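S.K.: Before I ask anything, here is the structure I am working with.
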Amino acid sequence: SQTIHQWPATLVQPVGSPLSLECTVEGTSNPNLYWYRQAAGRGLQLLFYSVGIGQISSEVPQNLSASRPQDRQFILSSKKLLLSDSGFYLCAWSGRGQGTEAFFGQGTRLTVV
Amino acid sequence: RKEVEQDPGPFNVPEGATVAFNCTYSNSASQSFFWYRQDCRKEPKLLMSVYSSGNEDGRFTAQLNRASQYISLLIRDSKLSDSATYLCVVNRFGNEKLTFGTGTRLTIIP
């Protein structure tokens with residue numbers, strides 16, 4: 001069966017510090033991978049998605065970047081965090097092809113102080 | 001206009017009642033539809049896919065109305081454990097992205 005791992009679960013970082021969140025998927029090949037952010041009391045905002053190694057699509061201009069160094073690994077990064085980067089970050093995967101549902105990792109709750 | 005719109009609620013419903021949510025989408029090219037459930041401070045989890053002919057899973061029924069571009073979720077005999085935020089999700093043909101609505105918050109009252 002497929003599983004998705006995302007870590008850490010919670011993170012408190014000072015303004016200006018770097019960020020690296022990692023997500024890995026097991027039990028499937030060539031997944032579509034996604035990073036979403038959810039601000040407190042708000043909906044999910046798609047940040048990045050990837051349909052293959054090294055292929056990253058960015059949805060909104062921001063202080064963040066994403067990379068996919070391996071087929072089942074997706075990394076969200078920032079060189080310098082802003083207060084506005086605080087939120088609930090969710091990694092998800094879906095099967096290859098259109099119209100398939102997505103499955104989420106447990107999320108990382110990031111607080112920038 | 002947002003691509004996917006939901007009534008944010010909150011819906012406060014007595015236990016045992018029937019509750020229905022609607023979700024409208026703006027792009028007629030939308031191809032796939034889902035309902036997700038998100039508990040407080042947790043990740044969203046797939047509740048059910050929505051098929052053109054409508055589908056049922058226990059107390060939950062999902063419907064799709066392509067002409068009016070909305071999907072609905074009906075929950076019968078609501079339980080306290082149904083309290084959550086329900087997210088509507090659409091996917092456009094030729095697009096790998098899943099677009100989420102902002103969610104409808106449901107609280108079942110004893």
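So you can find residues: chains in the structure tokens are A, B, ... in the order shown, residues in each start at 1, and ligands are numbered from 1 in order.
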Dump as a ChimeraX atom specification the residues of chain A that approach chain B to within 10 Å, counting only C-alpha atoms.
M.R.: /A:32-34,38,40-46,48-51,59,88-92,94-109
S.K.: I need the chosen residues saved as a short mmCIF file (atom, residue, chain, number, x, y, z; two decimals), in the first residue's frame, with N, CA, C and O atoms.
M.R.:
data_model
loop_
_atom_site.label_atom_id
_atom_site.label_comp_id
_atom_site.auth_asym_id
_atom_site.auth_seq_id
_atom_site.Cartn_x
_atom_site.Cartn_y
_atom_site.Cartn_z
N ASN A 32 2.36 12.25 -8.93
CA ASN A 32 2.32 13.72 -8.92
C ASN A 32 2.48 14.12 -7.45
O ASN A 32 1.89 13.51 -6.57
N LEU A 33 3.25 15.16 -7.22
CA LEU A 33 3.51 15.60 -5.85
C LEU A 33 3.12 17.06 -5.70
O LEU A 33 3.26 17.86 -6.64
N TYR A 34 2.63 17.39 -4.53
CA TYR A 34 2.09 18.73 -4.29
C TYR A 34 2.56 19.25 -2.93
O TYR A 34 2.67 18.49 -1.96
N GLN A 38 -1.89 26.01 4.36
CA GLN A 38 -3.19 26.38 4.91
C GLN A 38 -2.95 27.35 6.06
O GLN A 38 -2.39 26.97 7.09
N ALA A 40 -4.25 29.76 9.16
CA ALA A 40 -5.23 29.49 10.21
C ALA A 40 -6.63 29.91 9.76
O ALA A 40 -6.86 31.05 9.35
N GLY A 41 -7.57 28.94 9.80
CA GLY A 41 -8.94 29.23 9.44
C GLY A 41 -9.18 29.48 7.96
O GLY A 41 -10.25 29.96 7.58
N ARG A 42 -8.22 29.11 7.15
CA ARG A 42 -8.36 29.38 5.70
C ARG A 42 -8.32 28.07 4.91
O ARG A 42 -8.08 26.99 5.44
N GLY A 43 -8.54 28.20 3.60
CA GLY A 43 -8.50 27.03 2.73
C GLY A 43 -7.09 26.65 2.34
O GLY A 43 -6.12 27.29 2.75
N LEU A 44 -6.98 25.61 1.53
CA LEU A 44 -5.68 25.14 1.07
C LEU A 44 -5.23 25.92 -0.16
O LEU A 44 -5.98 26.04 -1.13
N GLN A 45 -4.03 26.42 -0.09
CA GLN A 45 -3.44 27.15 -1.22
C GLN A 45 -2.36 26.28 -1.83
O GLN A 45 -1.41 25.89 -1.13
N LEU A 46 -2.47 26.00 -3.12
CA LEU A 46 -1.45 25.20 -3.79
C LEU A 46 -0.22 26.06 -4.01
O LEU A 46 -0.30 27.15 -4.59
N PHE A 48 3.18 24.49 -4.92
CA PHE A 48 3.98 23.88 -5.98
C PHE A 48 3.38 22.52 -6.32
O PHE A 48 2.80 21.86 -5.47
N TYR A 49 3.59 22.09 -7.57
CA TYR A 49 3.30 20.72 -7.90
C TYR A 49 4.34 20.23 -8.88
O TYR A 49 5.01 21.02 -9.56
N SER A 50 4.49 18.91 -8.92
CA SER A 50 5.54 18.30 -9.74
C SER A 50 5.01 17.04 -10.39
O SER A 50 4.41 16.20 -9.72
N VAL A 51 5.26 16.91 -11.68
CA VAL A 51 4.82 15.71 -12.40
C VAL A 51 6.00 14.78 -12.68
O VAL A 51 5.80 13.71 -13.27
N GLU A 59 2.84 27.97 -8.23
CA GLU A 59 1.50 28.54 -8.40
C GLU A 59 1.42 30.01 -8.00
O GLU A 59 0.63 30.75 -8.55
N PHE A 88 0.19 25.91 8.05
CA PHE A 88 0.16 24.45 8.06
C PHE A 88 0.52 23.99 6.64
O PHE A 88 -0.21 24.26 5.69
N TYR A 89 1.66 23.33 6.52
CA TYR A 89 2.16 22.91 5.21
C TYR A 89 1.85 21.43 5.01
O TYR A 89 2.18 20.58 5.84
N LEU A 90 1.26 21.16 3.88
CA LEU A 90 0.81 19.80 3.59
C LEU A 90 1.41 19.33 2.27
O LEU A 90 1.31 20.00 1.25
N CYS A 91 2.00 18.15 2.32
CA CYS A 91 2.48 17.49 1.12
C CYS A 91 1.43 16.47 0.70
O CYS A 91 0.76 15.86 1.55
N ALA A 92 1.25 16.29 -0.59
CA ALA A 92 0.27 15.31 -1.07
C ALA A 92 0.80 14.63 -2.33
O ALA A 92 1.66 15.18 -3.03
N SER A 94 -0.63 12.19 -5.83
CA SER A 94 -1.73 11.57 -6.56
C SER A 94 -1.14 10.69 -7.64
O SER A 94 0.03 10.83 -8.01
N GLY A 95 -1.95 9.78 -8.14
CA GLY A 95 -1.49 8.88 -9.17
C GLY A 95 -1.30 9.60 -10.49
O GLY A 95 -1.85 10.67 -10.72
N ARG A 96 -0.51 8.99 -11.34
CA ARG A 96 -0.28 9.58 -12.65
C ARG A 96 -1.56 9.61 -13.45
O ARG A 96 -2.35 8.70 -13.43
N GLY A 97 -1.77 10.70 -14.17
CA GLY A 97 -2.98 10.84 -14.95
C GLY A 97 -3.94 11.80 -14.28
O GLY A 97 -3.81 12.14 -13.11
N GLN A 98 -4.90 12.20 -15.08
CA GLN A 98 -5.80 13.23 -14.58
C GLN A 98 -6.94 12.60 -13.79
O GLN A 98 -7.33 11.48 -14.01
N GLY A 99 -7.44 13.40 -12.90
CA GLY A 99 -8.66 12.99 -12.23
C GLY A 99 -8.50 12.02 -11.09
O GLY A 99 -9.49 11.45 -10.65
N THR A 100 -7.27 11.83 -10.63
CA THR A 100 -7.11 10.93 -9.49
C THR A 100 -7.05 11.73 -8.19
O THR A 100 -6.55 12.85 -8.17
N GLU A 101 -7.52 11.10 -7.14
CA GLU A 101 -7.57 11.80 -5.86
C GLU A 101 -6.18 11.93 -5.27
O GLU A 101 -5.25 11.22 -5.64
N ALA A 102 -6.03 12.87 -4.35
CA ALA A 102 -4.75 13.12 -3.69
C ALA A 102 -4.80 12.61 -2.26
O ALA A 102 -5.86 12.58 -1.63
N PHE A 103 -3.63 12.21 -1.78
CA PHE A 103 -3.50 11.72 -0.41
C PHE A 103 -2.44 12.56 0.28
O PHE A 103 -1.37 12.81 -0.27
N PHE A 104 -2.76 12.95 1.51
CA PHE A 104 -1.94 13.93 2.21
C PHE A 104 -1.06 13.30 3.28
O PHE A 104 -1.44 12.30 3.91
N GLY A 105 0.09 13.94 3.49
CA GLY A 105 0.89 13.65 4.67
C GLY A 105 0.26 14.30 5.88
O GLY A 105 -0.73 15.03 5.78
N GLN A 106 0.86 14.06 7.03
CA GLN A 106 0.27 14.55 8.28
C GLN A 106 0.41 16.06 8.45
O GLN A 106 -0.25 16.63 9.31
N GLY A 107 1.24 16.69 7.63
CA GLY A 107 1.38 18.14 7.71
C GLY A 107 2.46 18.59 8.66
O GLY A 107 2.84 17.88 9.60
N THR A 108 2.97 19.78 8.40
CA THR A 108 3.94 20.43 9.29
C THR A 108 3.37 21.77 9.70
O THR A 108 3.05 22.61 8.84
N ARG A 109 3.25 21.96 10.99
CA ARG A 109 2.75 23.25 11.49
C ARG A 109 3.95 24.13 11.76
O ARG A 109 4.71 23.88 12.70
#
S.K.: Please identify all polymer residues within 9 Å of segment 78-82 of chain B, counting only C-alpha atoms, omitting same-chain residues fewer than 3 positions from it, and present them as an MDAnalysis selection string.
M.R.: chainID B and resid 13:19 59 75 106:110
S.K.: Can you check which residues of segment 7-95 of chain B DSSP gives as strand (DSSP E) on the backbone and send them as number ranges by chain?
M.R.: B: 11-14, 19-25, 30-38, 45-50, 55-57, 60-65, 70-75, 84-92
